[in-house]
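Read the structure below first, then the notes.
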Amino acid sequence: MPSETLILAFDTSAAHCAAALLSGDTILTSRREEMSRGQAERILPLCEEILTENKLSWADLAAIGVGIGPGNFTGIRISVAAARGLALGLGVPAIGVSTLAAQVLGAARPVISVVDARRGAVFCQKFDDTGAAGAPQMSTQEAVEAAGTAWVDHGTRPLAEAIAQLAAAEFATRPEEGFARPAPLYIRAADAAPPRDPAPLILDQDPNQHTDQAPDQDASV
Amino acid sequence: MSDTLSNTLTAPLTDKPVGTLTLLGLESSCDDTAAAIVRHSPGDPPVILSSVVAGQTELHAAYGGVVPEIAARAHTEKLDICVEQALERAGLTLKDLDGISVTAGPGLIGGVLAGVMCAKGLSAATGLPFVGVNHLAGHALTPRLTDQLPFPYLMLLVSGGHCQFLIVHGFDDFKRLGGTIDDAPGEAFDKSARLLGLPQPGGPAVEAAAEQGDKKRFRLPRPLLDRPGCDMSFSGLKTALLRTRDKVIAENGGLTRTDRNDLCAGFQAAVCDVLAEKSRRALAQYMELNPPRPTIAVAGGVAANTPIRAALETVAAEFGADFLAPPLALCTDNAAMIAWVGIEHFRAGHRDDQTLSARPRWPLDNSSPAMLGSGKKGAKA
C-alpha cells in the first residue's frame, strides 16, 4: 500500500480523454488523448495503463477525481457514471470537480473562468480574491469581456492534473457526512418543450374530477 | 422504486451448488433505471434475489413522451444507487457476485452509455467479469427466467418502443418474422391519450375509457392487414384518430366523454385486430417448426392491456398453442431480465472488456432487413 494519498482523476468533458495520477503532491503520470468520439471505450483502459505503468492497481487509490463539466453532456456523463461505478466497487469516494474551478487553479484572482458552450454562448463562473466563487452560469463571450475582470478559457496546467489536485484538497477535508456523489454540472437545461397541440375541450364534466376537487372529509377529522 | 418480486422469490443463500452463477443486471435504455440480482444453479429454476426499478414517468410527464436528454441525466445519477439497493435487498455484497450484465443497446444512447460506464467502473474496481447484452433479448428470454420455457418459442414484443414477432431458437439465435415499420403500439396509446386529453401513461387511461365506449361507432383503419407477412404500422392509425377527433370537434365544438370513450374503444379495437391477425400469421409460420411445446409468449407493457391479451389468448388457442405472459413487473423494463440474459451468455463463456461500445441500434436478428422509419422512441431495431 503506497504511503502517500493516491488519487486518480479523469475527464471526458470535451473532445479528449484525460487522466492524471497524483501521489501526495506529486503528479506521477498525466495523459491526454484528443478524440471527438470513442471516449467511452478509451477512458478506463487509459486509466488502467497509467496505474499499470506505476505498478499500481485500482485498489491502491484513496479516491477518484472526476471532471463534471460543464461541457459536452454525453462526455460528462461517461466520466461521472464510470466514477460512480468505480467508487461503489472500490469503496472509496469519487469527488467531482468542475472544469471552471480546475482551469483557474493557481490563477491570479479575481478571474472569470470560461468554457465554450457552443451556439454562441459560454459557461462562466467568477472566482474572486477572497476565495469565494459566484454561481456557474450561461453568458456570452462579449459579456464576459465587458465585465472588466480578467478571464481565462484554459488552465495553466493540464485539466486532469488540476482535477486531481482539487479532488485531493477536497479529500483532505474528510467531511463527517461523507462526500457527495459526483453529479454532472450541465448549467444548460435539457432541450425539451411541452407538446404544442393543446388537449381537446371536454364538453361534459367528468364526475370523477368533481370528487377530486371536493374537500377530503377524512382529512378534516 | 418497486421491489415486489424480491419479497416473494427470495431463496436461501447458503449451500450454493456447483455451477451456480449470481449476476447483477443493469438496465437504463429508456425511462426506467433498474438493477437486479439473479441466481441460477444448473437444473434449478433461476431465482430473482432482488429487482429494483426506479421509473422516470413524472420527469417526462410534461413533455408528452420520453425526452432522451432528461432520461440520460436521471440514469447517470440513479444507477449506482439502484445497485446499492439491489445488493441490500438481496442481502449480498459485490463480493458475492460472479459477474455483471448490462444493457448495451438498443435504446436511447445517453442512458445506455450511463449503464455501460457504470458497469465498466464496477467491473474495473471489483475484477468481476461483465457482459453487454441486448435489451430486446432481455424481454425475449424472460419466459425462460419465469417459466424455463424450452426453445423454440414464438415471442411478441409489444411495448412503448418495440413491436416485433420473433422465433426464439436459442439465447442468441432469433428469427424476426416481422415488426412495426413506424410507431410501437405503446407509443400509439400514449399519443392517443394526449390527443384525447387523457393522462400519461396512455395505455391504462385509454383502456379504461375504451371499456366504457362503443368500439363500432368510429371505424378506424387496420393498417397493413391487406398485405401479407407480419409487418405492422401504427402511425397511420394515430393520424386517423386525430382526423376523426377533429371532425367531431368541428361538428360539436368539443368532445363529450362519450365521444372520447368511443374513440378510445375504436382505437383499441383496431390495435387488437392488427395484433391478433399478425399473431395468427406469425403462429402459422412458427407451427411449421413442429415445436415440442408450442407457445406464444408476450413481453412489454402493452401485454398488460386486457382486451389485447384476450385476443392473443384466443389466437393461441386456435393453433393449440400455449399463451404465456410473464408477471407485469417482468413484462415492462427491468434488470432481472438483463441479469438472466447475462447468465445465459456467461454459461456460453461470453465476456466483454473495457472497450465495449453502447449500441443505439442493435437488431436481434441480423439476417432481417433494417426496419424503416424508426423514430427517436420508435422501433429501435
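By convention here, the chains of the C-alpha cells are called A, B, ... in the order presented, each chain's residues are numbered starting at 1, and ligands are numbered starting at 1 in the order presented.
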
Inset, instruction - Check segment 280-320 of chain B with DSSP on the backbone and list each residue it calls helix (DSSP H, G or I), as a PyMOL selection string. - result: chain B and resi 280-287+301-304+306-318

Inset, instruction - Would you return as a list in words the members of segment 246-359 of chain B that DSSP assigns to strand (DSSP E or B) on this structure's backbone? - result: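 Everything in segment 246-359 of chain B that counts as strand (DSSP E or B) is Leu255, Thr295, Ile296, Ala297, Val298, Ala299, Asp322, Phe323, Leu324 and Asp352 of chain B.
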
Please provide as an mmCIF file with N, CA, C and O atoms, in the first residue's frame all residues within 6 Å of Asp128 of chain A, with the sequence filter that same-chain residues fewer than 3 positions apart are discarded (counting only C-alpha atoms).
```cif
data_model
loop_
_atom_site.group_PDB
_atom_site.id
_atom_site.type_symbol
_atom_site.label_atom_id
_atom_site.label_comp_id
_atom_site.auth_asym_id
_atom_site.auth_seq_id
_atom_site.Cartn_x
_atom_site.Cartn_y
_atom_site.Cartn_z
ATOM 1 N N ARG A 109 -6.438 36.120 -8.968
ATOM 2 C CA ARG A 109 -7.864 36.412 -8.829
ATOM 3 C C ARG A 109 -8.040 37.887 -8.502
ATOM 4 O O ARG A 109 -7.109 38.495 -7.970
ATOM 5 N N PRO A 110 -9.158 38.491 -8.808
ATOM 6 C CA PRO A 110 -10.352 37.851 -9.357
ATOM 7 C C PRO A 110 -10.167 37.426 -10.819
ATOM 8 O O PRO A 110 -9.397 38.033 -11.548
ATOM 9 N N GLY A 131 -11.491 34.047 -2.339
ATOM 10 C CA GLY A 131 -11.621 32.589 -2.445
ATOM 11 C C GLY A 131 -13.043 32.173 -2.738
ATOM 12 O O GLY A 131 -13.295 31.015 -3.041
ATOM 13 N N ALA A 132 -13.994 33.134 -2.630
ATOM 14 C CA ALA A 132 -15.390 32.796 -2.912
ATOM 15 C C ALA A 132 -15.610 32.679 -4.418
ATOM 16 O O ALA A 132 -14.876 33.269 -5.209
#
```

Inset, instruction - Using only C-alpha atoms, determine which residues lie at most 6 Å from Thr22 of chain B, disregarding the query and same-chain residues fewer than 5 positions distant; provide the list as a list in words. - result: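 These residues fall inside the cut-off: Val38, Arg39, Leu97 and Asp98 of chain B.
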
Legend entry - Separation of atom CA of Arg361 of chain B from atom CA of Gly107 of chain B in Å: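 We find that atom CA of Gly107 of chain B and atom CA of Arg361 of chain B lie 6.9 Å from each other.
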
Inset, instruction - Output the contact residues of chain A with respect to chain B at a cut-off of 10 Å, based on only C-alpha atoms, as number ranges by chain. - result: A: 38-45, 48, 57-59, 73-91, 181-184, 186, 189-206

Legend entry - 8 Å contact set for Leu21 of chain A, only C-alpha atoms, chain neighbours under 6 positions out, as a PyMOL selection string: chain A and resi 6-9+27-30+50-51+161+164

Inset, instruction - Mind giving me the straight-line distance from atom CA of Phe165 of chain B to atom CA of Ala104 of chain B in Å, one decimal? - result: 21.4 Å
